[in-house]
file query-v8.txt (compact mmCIF, C-alpha atoms and all ligand atoms)
# COMPACT_ATOMS: atom_id res chain seq x y z
CA MET A 1 18.35 -51.52 10.12
CA SER A 2 14.73 -52.19 9.32
CA ILE A 3 13.76 -48.95 11.06
CA ILE A 4 15.95 -46.95 8.71
CA LYS A 5 14.53 -48.87 5.77
CA ASP A 6 10.99 -48.14 6.90
CA PHE A 7 11.81 -44.51 7.46
CA LEU A 8 13.36 -44.13 4.01
CA LEU A 9 10.26 -45.75 2.56
CA GLN A 10 8.11 -43.12 4.24
CA LEU A 11 10.26 -40.41 2.72
CA THR A 12 9.94 -42.03 -0.70
CA PHE A 13 6.16 -41.88 -0.41
CA MET A 14 6.48 -38.12 -0.16
CA VAL A 15 9.17 -37.57 -2.76
CA ILE A 16 7.22 -39.44 -5.45
CA PRO A 17 4.15 -37.14 -5.50
CA ILE A 18 6.36 -34.05 -5.50
CA PHE A 19 8.36 -35.24 -8.48
CA ILE A 20 5.37 -36.56 -10.41
CA TYR A 21 3.55 -33.29 -9.85
CA TYR A 22 6.34 -30.93 -10.76
CA THR A 23 7.71 -33.02 -13.63
CA PHE A 24 4.55 -34.12 -15.41
CA ILE A 25 1.64 -32.07 -14.17
CA THR A 26 2.50 -28.39 -13.66
CA GLU A 27 3.48 -27.74 -17.27
CA ARG A 28 0.99 -30.00 -19.01
CA VAL A 29 -2.20 -29.39 -17.09
CA LYS A 30 -3.11 -25.78 -17.77
CA ASN A 31 -6.29 -25.60 -15.72
CA ASP A 32 -5.51 -24.66 -12.15
CA LYS A 33 -8.48 -26.53 -10.73
CA ASN A 34 -7.52 -29.78 -12.44
CA ARG A 35 -3.97 -29.35 -11.22
CA LYS A 36 -5.21 -29.05 -7.65
CA VAL A 37 -7.37 -32.15 -8.03
CA ILE A 38 -4.40 -34.14 -9.29
CA MET A 39 -2.18 -32.78 -6.54
CA THR A 40 -4.74 -33.76 -3.90
CA MET A 41 -5.00 -37.25 -5.39
CA LEU A 42 -1.23 -37.66 -5.31
CA TRP A 43 -1.03 -36.54 -1.69
CA GLY A 44 -3.95 -38.84 -0.89
CA LEU A 45 -2.05 -41.81 -2.28
CA SER A 46 0.97 -40.70 -0.32
CA ILE A 47 -1.10 -40.64 2.90
CA LEU A 48 -2.47 -44.13 2.23
CA ALA A 49 1.03 -45.45 1.59
CA CYS A 50 2.45 -43.76 4.70
CA MET A 51 -0.30 -45.22 6.87
CA SER A 52 -0.02 -48.68 5.32
CA PHE A 53 3.73 -49.00 5.82
CA PRO A 54 4.61 -47.27 9.08
CA VAL A 55 8.00 -47.42 10.78
CA VAL A 56 7.58 -50.12 13.40
CA PHE A 57 9.89 -50.41 16.36
CA GLY A 58 9.14 -52.38 19.42
CA GLU A 59 5.66 -53.43 20.26
CA ASN A 60 2.92 -51.00 19.42
CA ALA A 61 5.36 -48.30 18.59
CA ARG A 62 4.40 -47.10 15.14
CA LEU A 63 5.72 -43.98 13.62
CA GLU A 64 4.42 -42.52 10.44
CA LEU A 65 4.57 -39.19 8.75
CA ARG A 66 1.07 -38.77 7.30
CA ILE A 67 1.02 -35.24 8.71
CA ILE A 68 3.43 -34.15 6.01
CA PRO A 69 1.34 -35.07 2.95
CA LEU A 70 -1.69 -33.69 4.78
CA LEU A 71 0.06 -30.46 5.64
CA LEU A 72 1.66 -29.90 2.24
CA GLY A 73 -1.53 -30.93 0.43
CA THR A 74 -3.54 -28.41 2.45
CA LEU A 75 -1.05 -25.55 2.34
CA TYR A 76 -0.46 -25.80 -1.41
CA GLY A 77 -3.86 -27.18 -2.43
CA GLY A 78 -6.24 -25.10 -0.34
CA VAL A 79 -9.23 -25.68 1.89
CA PHE A 80 -10.92 -28.42 -0.13
CA SER A 81 -7.77 -30.48 -0.44
CA GLY A 82 -7.32 -30.18 3.33
CA ILE A 83 -10.81 -31.38 4.11
CA LEU A 84 -10.64 -34.23 1.58
CA LEU A 85 -7.28 -35.44 2.84
CA THR A 86 -8.45 -35.28 6.46
CA GLY A 87 -11.54 -37.29 5.56
CA LEU A 88 -9.35 -39.81 3.81
CA ILE A 89 -7.14 -40.26 6.87
CA ILE A 90 -10.12 -40.76 9.16
CA LEU A 91 -11.81 -43.25 6.82
CA TYR A 92 -8.65 -45.23 6.26
CA ARG A 93 -7.90 -45.28 9.98
CA LEU A 94 -11.46 -46.46 10.57
CA SER A 95 -10.82 -49.50 8.41
CA PHE A 96 -8.13 -50.57 10.89
CA GLY A 97 -10.81 -50.79 13.58
CA ILE A 98 -12.10 -48.42 16.24
CA ASP A 99 -9.66 -48.28 19.12
CA ILE A 100 -7.91 -45.66 21.16
CA GLY A 101 -5.63 -44.91 18.22
CA PHE A 102 -8.63 -44.04 16.09
CA TYR A 103 -9.94 -41.52 18.60
CA ASN A 104 -6.45 -40.17 18.91
CA THR A 105 -6.29 -39.65 15.14
CA VAL A 106 -9.67 -37.91 14.99
CA LEU A 107 -8.96 -35.66 17.96
CA VAL A 108 -5.60 -34.52 16.67
CA LEU A 109 -7.05 -33.83 13.22
CA VAL A 110 -10.06 -31.97 14.56
CA LEU A 111 -7.80 -29.74 16.63
CA SER A 112 -5.16 -29.14 14.00
CA LEU A 113 -7.06 -28.89 10.70
CA PRO A 114 -8.79 -25.57 11.53
CA VAL A 115 -5.43 -24.07 12.50
CA ILE A 116 -3.79 -25.28 9.28
CA LEU A 117 -6.72 -23.95 7.24
CA TYR A 118 -6.53 -20.65 9.09
CA PHE A 119 -2.91 -20.19 8.10
CA GLN A 120 -3.37 -21.49 4.55
CA LYS A 121 -4.41 -18.09 3.14
CA SER A 122 -1.43 -16.23 4.53
CA PHE A 123 0.82 -19.13 3.55
CA ALA A 124 -0.29 -18.77 -0.08
CA SER A 125 0.74 -15.12 -0.12
CA SER A 126 3.98 -15.45 1.85
CA LYS A 127 7.55 -15.65 0.72
CA LYS A 128 9.72 -18.75 0.65
CA GLY A 129 11.41 -18.30 4.04
CA LEU A 130 8.20 -17.58 5.88
CA ARG A 131 6.45 -20.49 4.20
CA VAL A 132 9.09 -22.93 5.41
CA LYS A 133 8.80 -21.57 8.95
CA MET A 134 5.00 -21.70 8.87
CA ALA A 135 4.95 -25.30 7.65
CA MET A 136 7.43 -26.31 10.36
CA SER A 137 5.42 -24.59 13.09
CA LEU A 138 2.19 -26.24 11.96
CA SER A 139 3.85 -29.63 11.87
CA PHE A 140 5.20 -28.96 15.38
CA TYR A 141 1.75 -27.93 16.59
CA TYR A 142 0.14 -31.08 15.15
CA CYS A 143 2.66 -33.34 16.89
CA LEU A 144 2.40 -31.38 20.13
CA ILE A 145 -1.34 -32.09 20.30
CA GLY A 146 -0.53 -35.76 19.79
CA ILE A 147 2.01 -35.69 22.61
CA THR A 148 -0.36 -33.89 24.99
CA TRP A 149 -3.14 -36.35 24.29
CA PHE A 150 -0.79 -39.29 24.62
CA GLY A 151 0.57 -37.96 27.91
CA THR A 152 -2.91 -37.32 29.27
CA LEU A 153 -3.87 -40.91 28.55
CA ARG A 154 -0.74 -42.68 29.69
CA GLY A 155 1.00 -40.23 31.99
CA PHE A 156 3.71 -37.72 31.22
CA SER A 157 6.80 -39.85 31.68
CA ILE A 158 9.77 -39.97 29.39
CA GLU A 159 9.26 -43.70 28.60
CA ASN A 160 5.71 -43.04 27.51
CA LEU A 161 6.49 -39.99 25.49
CA ILE A 162 9.74 -40.99 23.83
CA VAL A 163 8.06 -42.27 20.65
CA PRO A 164 5.82 -39.20 20.13
CA ILE A 165 8.79 -36.96 20.82
CA ILE A 166 10.88 -38.77 18.21
CA HIS A 167 7.90 -38.44 15.90
CA LEU A 168 7.80 -34.71 16.51
CA ILE A 169 11.48 -34.24 15.78
CA PHE A 170 11.30 -36.27 12.57
CA ALA A 171 8.07 -34.68 11.43
CA VAL A 172 9.40 -31.14 11.85
CA ALA A 173 12.74 -31.98 10.21
CA VAL A 174 11.08 -33.70 7.26
CA THR A 175 8.57 -30.85 6.89
CA PHE A 176 11.50 -28.45 6.69
CA CYS A 177 13.24 -30.49 3.98
CA PHE A 178 10.15 -31.03 1.84
CA THR A 179 8.81 -27.51 2.04
CA LEU A 180 12.23 -26.23 1.06
CA LEU A 181 12.35 -28.76 -1.78
CA ILE A 182 8.93 -27.74 -3.12
CA GLU A 183 9.75 -24.06 -2.78
CA THR A 184 13.02 -24.48 -4.66
CA ILE A 185 11.36 -26.42 -7.47
CA ARG A 186 8.63 -23.77 -7.72
CA GLU A 187 11.24 -21.05 -7.86
CA ILE A 188 13.04 -22.78 -10.73
CA HIS A 189 9.74 -23.13 -12.61
CA GLN A 190 8.91 -19.50 -12.09
CA LEU A 191 12.34 -18.48 -13.30
CA ARG A 192 11.89 -20.54 -16.43
CA LEU A 193 8.55 -18.92 -17.15
CA GLU A 194 10.08 -15.50 -16.65
CA MET A 195 12.87 -16.36 -19.02
CA GLN A 196 10.45 -17.55 -21.69
CA ASN A 197 8.54 -14.34 -21.26
CA THR A 198 11.63 -12.16 -21.46
CA GLU A 199 12.61 -14.03 -24.61
CA LYS A 200 9.23 -13.22 -26.15
CA LEU A 201 9.48 -9.59 -25.11
CA LYS A 202 12.93 -9.44 -26.64
CA VAL A 203 11.66 -10.66 -29.98
CA ILE A 204 8.78 -8.19 -29.88
CA GLY A 205 11.24 -5.47 -28.92
CA GLU A 206 13.51 -6.25 -31.85
CA LEU A 207 10.62 -6.33 -34.30
CA THR A 208 9.25 -3.03 -33.02
CA SER A 209 12.53 -1.26 -33.49
CA VAL A 210 12.85 -2.54 -37.05
CA PHE A 211 9.30 -1.48 -37.93
CA ALA A 212 9.69 1.82 -36.19
CA HIS A 213 12.74 2.65 -38.28
CA GLU A 214 11.02 1.68 -41.48
CA ILE A 215 8.04 3.87 -40.67
CA ARG A 216 10.05 6.81 -39.44
CA ASN A 217 11.98 7.38 -42.67
CA PRO A 218 8.96 7.95 -44.93
CA MET A 219 7.46 10.06 -42.13
CA GLN A 220 10.51 12.30 -42.06
CA ALA A 221 10.30 12.71 -45.82
CA THR A 222 6.59 13.61 -45.60
CA ARG A 223 7.29 16.10 -42.85
CA GLY A 224 9.98 17.76 -44.93
CA PHE A 225 7.74 18.15 -47.97
CA LEU A 226 4.85 19.43 -45.87
CA GLN A 227 7.13 22.16 -44.52
CA LEU A 228 8.15 23.06 -48.05
CA LEU A 229 4.47 23.37 -49.03
CA ASN A 230 3.86 25.78 -46.17
CA GLU A 231 4.50 28.99 -48.07
CA PRO A 232 3.54 32.43 -46.70
CA ASP A 233 1.07 33.25 -49.48
CA LEU A 234 -1.09 30.16 -48.91
CA PRO A 235 -4.71 30.68 -47.81
CA ASP A 236 -5.19 30.44 -44.03
CA LYS A 237 -7.33 27.30 -44.29
CA LYS A 238 -4.56 25.41 -46.12
CA LYS A 239 -1.94 26.69 -43.67
CA GLU A 240 -4.04 25.33 -40.86
CA TYR A 241 -4.32 21.92 -42.57
CA ILE A 242 -0.58 21.76 -43.00
CA GLN A 243 -0.06 22.74 -39.38
CA ILE A 244 -2.43 19.97 -38.21
CA SER A 245 -0.70 17.41 -40.44
CA LEU A 246 2.67 18.40 -38.98
CA GLU A 247 1.38 18.12 -35.42
CA GLU A 248 -0.15 14.73 -36.08
CA LEU A 249 3.08 13.51 -37.64
CA ASP A 250 4.98 14.69 -34.57
CA ARG A 251 2.53 12.88 -32.35
CA ALA A 252 2.98 9.67 -34.33
CA ASN A 253 6.72 10.14 -34.05
CA ALA A 254 6.47 10.58 -30.27
CA ILE A 255 4.48 7.37 -29.99
CA ILE A 256 7.05 5.50 -32.05
CA ASN A 257 9.80 6.88 -29.83
CA ASP A 258 8.02 5.62 -26.77
CA PHE A 259 7.50 2.21 -28.27
CA LEU A 260 11.15 2.14 -29.22
CA SER A 261 12.14 2.75 -25.63
CA PHE A 262 9.85 -0.09 -24.59
CA GLY A 263 11.34 -2.33 -27.18
CA LYS A 264 14.84 -1.76 -25.94
CA PRO A 265 15.86 -4.36 -23.43
CA SER A 266 16.14 -2.57 -20.13
CA ILE A 267 19.86 -2.77 -19.54
CA GLN A 268 19.95 0.24 -17.30
CA ASP A 269 19.05 -0.36 -13.72
CA ASN A 270 16.91 1.51 -11.30
CA GLU A 271 16.99 5.27 -11.22
CA ARG A 272 15.14 8.15 -9.57
CA ILE A 273 11.88 8.60 -11.44
CA ASP A 274 8.89 10.88 -11.25
CA VAL A 275 5.86 8.62 -11.25
CA GLY A 276 3.51 11.40 -12.37
CA PHE A 277 5.63 12.04 -15.45
CA GLN A 278 5.74 8.33 -16.27
CA ILE A 279 1.97 8.03 -15.88
CA HIS A 280 1.49 10.84 -18.40
CA ARG A 281 3.79 9.05 -20.82
CA VAL A 282 1.96 5.78 -20.38
CA VAL A 283 -1.41 7.44 -20.90
CA ASN A 284 -0.09 9.04 -24.07
CA ILE A 285 0.90 5.68 -25.44
CA ILE A 286 -2.26 3.89 -24.44
CA GLN A 287 -4.48 6.68 -25.80
CA SER A 288 -4.38 5.17 -29.27
CA TYR A 289 -5.79 1.99 -27.78
CA THR A 290 -8.82 3.74 -26.31
CA LEU A 291 -9.86 5.49 -29.51
CA ASN A 292 -12.44 3.09 -30.91
CA ARG A 293 -13.52 1.85 -27.54
CA ASN A 294 -15.31 4.84 -26.17
CA VAL A 295 -13.04 4.86 -23.15
CA GLU A 296 -11.83 8.00 -21.41
CA ILE A 297 -8.76 8.05 -19.20
CA LYS A 298 -8.75 10.58 -16.36
CA THR A 299 -5.43 11.24 -14.72
CA GLU A 300 -4.88 12.96 -11.41
CA ILE A 301 -1.41 13.47 -9.99
CA ARG A 302 -2.00 14.70 -6.44
CA ASP A 303 1.51 14.70 -5.04
CA ASN A 304 5.03 14.87 -6.24
CA CYS A 305 5.87 11.18 -6.35
CA TRP A 306 9.44 10.05 -6.69
CA ILE A 307 10.49 6.43 -6.55
CA TYR A 308 13.63 4.51 -7.24
CA ALA A 309 12.88 2.09 -10.07
CA ASN A 310 13.43 1.19 -13.68
CA PRO A 311 11.13 3.45 -15.75
CA GLN A 312 10.69 1.02 -18.63
CA LYS A 313 9.61 -1.75 -16.31
CA LEU A 314 7.29 0.51 -14.33
CA ASN A 315 5.67 1.70 -17.56
CA GLN A 316 5.28 -1.81 -18.82
CA SER A 317 3.50 -2.89 -15.65
CA LEU A 318 1.21 0.16 -15.77
CA ILE A 319 0.42 -0.45 -19.44
CA ASN A 320 -0.53 -4.06 -18.74
CA ILE A 321 -2.92 -3.02 -15.97
CA LEU A 322 -4.37 -0.13 -18.00
CA LYS A 323 -4.87 -2.35 -21.02
CA ASN A 324 -6.87 -4.80 -18.93
CA ALA A 325 -8.92 -1.97 -17.47
CA ILE A 326 -9.77 -0.73 -20.97
CA GLU A 327 -10.52 -4.24 -22.21
CA SER A 328 -12.81 -4.84 -19.24
CA MET A 329 -15.20 -2.16 -20.54
CA PRO A 330 -16.58 -3.46 -23.84
CA HIS A 331 -19.18 -0.68 -23.91
CA GLY A 332 -16.81 2.07 -22.90
CA GLY A 333 -16.46 4.01 -19.68
CA ILE A 334 -13.91 5.88 -17.62
CA VAL A 335 -10.57 4.75 -16.27
CA TRP A 336 -9.15 6.79 -13.39
CA ILE A 337 -5.46 6.91 -12.58
CA ILE A 338 -4.68 8.67 -9.35
CA CYS A 339 -1.20 9.07 -7.95
CA SER A 340 -0.77 10.18 -4.35
CA SER A 341 1.56 9.58 -1.43
CA THR A 342 0.68 7.84 1.83
CA ASP A 343 1.70 8.74 5.37
CA ASP A 344 3.80 5.62 5.79
CA GLY A 345 6.32 6.36 3.07
CA TYR A 346 4.68 4.85 0.00
CA ILE A 347 3.39 6.33 -3.18
CA LYS A 348 0.02 5.01 -4.20
CA ILE A 349 -1.22 4.55 -7.77
CA ASN A 350 -4.92 3.77 -8.06
CA ILE A 351 -6.16 2.46 -11.39
CA LYS A 352 -9.89 2.13 -11.39
CA ASP A 353 -12.27 1.04 -14.12
CA GLN A 354 -16.01 0.60 -14.59
CA GLY A 355 -15.66 -2.76 -16.26
CA ILE A 356 -16.97 -6.28 -15.87
CA GLY A 357 -15.16 -6.82 -12.57
CA MET A 358 -13.96 -10.09 -11.11
CA THR A 359 -15.13 -12.61 -8.55
CA LYS A 360 -13.05 -13.32 -5.46
CA LYS A 361 -11.78 -16.47 -7.09
CA GLN A 362 -10.73 -14.66 -10.24
CA ILE A 363 -8.84 -12.11 -8.16
CA ASP A 364 -6.97 -14.93 -6.44
CA MET A 365 -5.98 -16.30 -9.82
CA LEU A 366 -4.59 -12.98 -11.03
CA GLY A 367 -0.89 -13.12 -11.65
CA SER A 368 -0.79 -16.86 -12.26
CA PRO A 369 0.93 -17.56 -15.55
CA TYR A 370 -1.43 -18.18 -18.50
CA TYR A 371 -4.52 -17.29 -16.50
CA SER A 372 -6.78 -15.52 -18.95
CA LEU A 373 -10.51 -15.34 -19.55
CA LYS A 374 -10.10 -13.65 -22.90
CA GLU A 375 -10.38 -15.41 -26.20
CA SER A 376 -7.05 -14.15 -27.45
CA GLY A 377 -5.53 -13.42 -24.05
CA THR A 378 -2.06 -14.52 -23.09
CA GLY A 379 -2.53 -14.51 -19.34
CA LEU A 380 0.96 -13.10 -18.93
CA GLY A 381 0.21 -9.40 -18.46
CA MET A 382 -0.68 -9.59 -14.80
CA MET A 383 2.10 -12.03 -14.03
CA VAL A 384 4.67 -9.64 -15.49
CA SER A 385 3.12 -6.64 -13.74
CA PHE A 386 3.05 -8.34 -10.36
CA GLN A 387 6.64 -9.45 -10.73
CA ILE A 388 7.78 -5.98 -11.69
CA ILE A 389 6.01 -4.34 -8.76
CA ARG A 390 7.39 -6.95 -6.40
CA SER A 391 10.90 -6.39 -7.78
CA PHE A 392 10.54 -2.72 -6.76
CA LYS A 393 9.63 -3.88 -3.24
CA GLY A 394 6.09 -2.68 -3.86
CA LYS A 395 2.70 -4.18 -3.22
CA ILE A 396 -0.36 -4.67 -5.37
CA GLN A 397 -3.87 -4.82 -4.01
CA VAL A 398 -6.94 -5.60 -6.10
CA ASN A 399 -10.51 -4.71 -5.19
CA SER A 400 -13.20 -5.76 -7.58
CA GLU A 401 -16.89 -6.24 -7.79
CA LYS A 402 -18.64 -8.17 -10.53
CA ASP A 403 -20.28 -5.85 -13.08
CA ILE A 404 -19.26 -2.76 -11.09
CA GLY A 405 -15.55 -2.42 -11.71
CA THR A 406 -12.05 -3.09 -10.56
CA GLU A 407 -9.47 -1.07 -8.70
CA PHE A 408 -5.78 -1.83 -8.68
CA ILE A 409 -3.82 -0.18 -5.90
CA ILE A 410 -0.08 -0.15 -6.36
CA LEU A 411 2.12 0.86 -3.45
CA LEU A 412 5.77 1.66 -4.08
CA PRO A 413 8.40 2.84 -1.59
CA GLN A 414 8.77 6.59 -1.88
CA ILE A 415 12.05 8.48 -1.93
CA THR A 416 12.52 12.15 -1.17
P1 LIG A 501 -4.85 -11.28 -20.61
O1 LIG A 501 -5.17 -9.81 -20.57
O2 LIG A 501 -3.98 -11.65 -21.77
O3 LIG A 501 -6.07 -12.13 -20.51
P2 LIG A 501 -3.71 -10.74 -18.03
O4 LIG A 501 -2.69 -11.44 -17.22
O5 LIG A 501 -3.43 -9.33 -18.39
O6 LIG A 501 -3.97 -11.62 -19.32
O7 LIG A 501 -5.09 -10.78 -17.23
C1 LIG A 501 -5.57 -12.01 -16.77
C2 LIG A 501 -7.07 -12.00 -16.58
O8 LIG A 501 -7.42 -11.21 -15.45
C3 LIG A 501 -7.86 -11.41 -17.73
O9 LIG A 501 -8.13 -12.38 -18.72
C4 LIG A 501 -9.12 -10.92 -17.04
O10 LIG A 501 -10.07 -11.97 -16.98
C5 LIG A 501 -8.70 -10.61 -15.62
N1 LIG A 501 -8.57 -9.16 -15.42
C6 LIG A 501 -7.43 -8.46 -15.31
N2 LIG A 501 -7.67 -7.14 -15.10
C7 LIG A 501 -9.01 -7.00 -15.09
C8 LIG A 501 -9.91 -5.88 -14.90
N3 LIG A 501 -9.45 -4.62 -14.73
N4 LIG A 501 -11.23 -6.13 -14.91
C9 LIG A 501 -11.71 -7.39 -15.09
N5 LIG A 501 -10.92 -8.48 -15.28
C10 LIG A 501 -9.59 -8.30 -15.28
MG MG A 502 -3.88 -8.22 -20.24
call {"tool": "encode", "arguments": {"input": "query-v8.txt", "output": "structure tokens", "more": "lines below"}}
Ligand code: ADP
Ligand code: MG
result
Amino acid sequence: MSIIKDFLLQLTFMVIPIFIYYTFITERVKNDKNRKVIMTMLWGLSILACMSFPVVFGENARLELRIIPLLLGTLYGGVFSGILLTGLIILYRLSFGIDIGFYNTVLVLVLSLPVILYFQKSFASSKKGLRVKMAMSLSFYYCLIGITWFGTLRGFSIENLIVPIIHLIFAVAVTFCFTLLIETIREIHQLRLEMQNTEKLKVIGELTSVFAHEIRNPMQATRGFLQLLNEPDLPDKKKEYIQISLEELDRANAIINDFLSFGKPSIQDNERIDVGFQIHRVVNIIQSYTLNRNVEIKTEIRDNCWIYANPQKLNQSLINILKNAIESMPHGGIVWIICSSTDDGYIKINIKDQGIGMTKKQIDMLGSPYYSLKESGTGLGMMVSFQIIRSFKGKIQVNSEKDIGTEFIILLPQIT
């Protein structure tokens, strides 16, 4: 009975940090670095608790699950968290005295930490299912080293290895449950953020359509009167002025139409769309934004690019990226948009600027909600864009160099 109690206690030590973190920290602490520090501290406490109250059965048979806080802390927290937590385990184990168990601890950690750190990067960019599998495999690997070491010391017999084998089974099972738990909680959070964002977009959409209507009516009236003024016996100069005014009014009307279509909630689903055509539309809309900024947009549609997607969403994601590119060049410059197709069935949109660029760390942060370095930034543009591209089964790649510029490469599955 006491074994079960001890085991449940170990599980509690892991549930508590997860719930504290996702209930109180994720929403309130906006700075990503601070969040990671807090997360590492919580996992550190969890490790100390796990090591202080192990499951004891029989003499010298201690079973504890410190690998799980270490593993989750490293996978979700990054390299520094991993190194700190490993150091913490070694120091705390040292305080129990230097014996064979201590060497065992150090050896297993030294052999497993580099592997965990190696996989951390790809873990961060993987999907839920793969993450769970990766965490389970790493937990299995960690325990396997323990078993091998244990067997080498005491001989590979079933009596000797039964405890480490039980440890392995429990560790892998518990890793599965907790990774799945964290992933599910993260998914719910993400969904909530998306919903908040959609809500905002909806309000903006509704406002735009109201304004657009109000502006369009006087514009129609102006257009009508301008046409009436355009009589055959007018001097050529005046005719030309009227013609220009009419063209400009039409242009304004086209822009309003485009905004209206953005404003509309995208009820319709995916359809066959010509990316080149959409890029021209987007550039038309964003042109007004470049006017006072000394920015030129150069478009090059190399191939006929058809994809299956929702045009409004695609345009929105392109606008967000283009807007950032323009904003990254406070002294003006050129933005290139190139659309081409690749040999492996994708269409490729390159959006390249000559702006302030980003550091590696800033690139990693892109797409996180509320991440913005601008005074009046929302930090939602990239998040929305990334989500849209992902929802089209596409990929986004970002290359950037500080003070040189940034290139976004969007890959979307091509259709014929
Ligand atoms: P916002 O534009 O409201 O700040 P975004 O999600 O659109 O939010 O962008 C997040 C951050 O990413 C920006 O604040 C900026 O620091 C950085 N960023 C995005 N695109 C670029 C770019 N082309 N060049 C330099 N920095 C960029
Ligand atoms: Mg932006």
call {"tool": "residues_near_ligand", "arguments": {"input": "query-v8.txt", "ligand": "ligand LIG 501 (chain A)", "cutoff": "6 Å", "atoms": "all atoms listed in the file", "output": "list in words"}}
result
Asn324, Ala325, Ser328, Gly355, Ile356, Gly357, Met358, Leu366, Tyr371, Ser372, Leu373, Lys374, Gly377, Thr378, Gly379, Leu380, Gly381, Met382, Met383 and Thr406 of chain A
call {"tool": "residues_around", "arguments": {"input": "query-v8.txt", "residues": "A:Val163", "least_positions_apart": "2", "cutoff": "12 Å", "atoms": "only C-alpha atoms", "output": "VMD selection string"}}
result
chain A and resid 55 to 64 143 146 to 147 150 to 151 157 to 161 165 to 171
call {"tool": "closest_residue", "arguments": {"input": "query-v8.txt", "among": "A:Ala135, A:Ile301, A:Leu180, A:Leu71", "to": "A:Phe123", "atoms": "only C-alpha atoms"}}
result
A:Ala135
call {"tool": "atom_distance", "arguments": {"input": "query-v8.txt", "atom1": "atom CA of A:Val108", "atom2": "atom CA of A:Ser95"}}
result
17.9 Å
call {"tool": "closest_residue", "arguments": {"input": "query-v8.txt", "among": "A:Met365, A:Asp343, A:Ile396, A:Ile326", "to": "ligand MG 502 (chain A)", "atoms": "all atoms listed in the file"}}
result
A:Ile326
call {"tool": "closest_residue", "arguments": {"input": "query-v8.txt", "among": "A:Gln243, A:Gln196, A:Ser209, A:Gln316", "to": "ligand MG 502 (chain A)", "atoms": "all atoms listed in the file"}}
result
A:Gln316
call {"tool": "closest_residue", "arguments": {"input": "query-v8.txt", "among": "A:Asp344, A:Glu183, A:Glu401, A:Glu327", "to": "ligand MG 502 (chain A)", "atoms": "all atoms listed in the file"}}
result
A:Glu327
call {"tool": "residues_around", "arguments": {"input": "query-v8.txt", "residues": "A:Ser340", "least_positions_apart": "5", "cutoff": "10 Å", "atoms": "all atoms listed in the file", "output": "list in words"}}
result
Val275, Gly276, Glu300, Ile301, Arg302, Asp303, Asn304, Cys305, Tyr346, Ile347, Lys348, Ile349, Asn350 and Leu411 of chain A
call {"tool": "atom_distance", "arguments": {"input": "query-v8.txt", "atom1": "atom CA of A:Asp32", "atom2": "atom CA of A:Ser112"}}
result
26.5 Å
call {"tool": "residues_around", "arguments": {"input": "query-v8.txt", "residues": "A:Val282", "least_positions_apart": "2", "cutoff": "12 Å", "atoms": "only C-alpha atoms", "output": "short mmCIF file (atom, residue, chain, number, x, y, z; two decimals) with C-alpha atoms, in the frame of the given file"}}
result
data_model
loop_
_atom_site.label_atom_id
_atom_site.label_comp_id
_atom_site.auth_asym_id
_atom_site.auth_seq_id
_atom_site.Cartn_x
_atom_site.Cartn_y
_atom_site.Cartn_z
CA ALA A 254 6.47 10.58 -30.27
CA ILE A 255 4.48 7.37 -29.99
CA ASP A 258 8.02 5.62 -26.77
CA PHE A 259 7.50 2.21 -28.27
CA SER A 261 12.14 2.75 -25.63
CA PHE A 262 9.85 -0.09 -24.59
CA VAL A 275 5.86 8.62 -11.25
CA GLY A 276 3.51 11.40 -12.37
CA PHE A 277 5.63 12.04 -15.45
CA GLN A 278 5.74 8.33 -16.27
CA ILE A 279 1.97 8.03 -15.88
CA HIS A 280 1.49 10.84 -18.40
CA ASN A 284 -0.09 9.04 -24.07
CA ILE A 285 0.90 5.68 -25.44
CA ILE A 286 -2.26 3.89 -24.44
CA GLN A 287 -4.48 6.68 -25.80
CA SER A 288 -4.38 5.17 -29.27
CA TYR A 289 -5.79 1.99 -27.78
CA ILE A 297 -8.76 8.05 -19.20
CA THR A 299 -5.43 11.24 -14.72
CA PRO A 311 11.13 3.45 -15.75
CA GLN A 312 10.69 1.02 -18.63
CA LYS A 313 9.61 -1.75 -16.31
CA LEU A 314 7.29 0.51 -14.33
CA ASN A 315 5.67 1.70 -17.56
CA GLN A 316 5.28 -1.81 -18.82
CA SER A 317 3.50 -2.89 -15.65
CA LEU A 318 1.21 0.16 -15.77
CA ILE A 319 0.42 -0.45 -19.44
CA ASN A 320 -0.53 -4.06 -18.74
CA ILE A 321 -2.92 -3.02 -15.97
CA LEU A 322 -4.37 -0.13 -18.00
CA LYS A 323 -4.87 -2.35 -21.02
CA ILE A 337 -5.46 6.91 -12.58
#
call {"tool": "residues_around", "arguments": {"input": "query-v8.txt", "residues": "A:Tyr142", "least_positions_apart": "2", "cutoff": "8 Å", "atoms": "all atoms listed in the file", "output": "ChimeraX atom specification"}}
result
/A:67,108-109,112,138-140,144-146
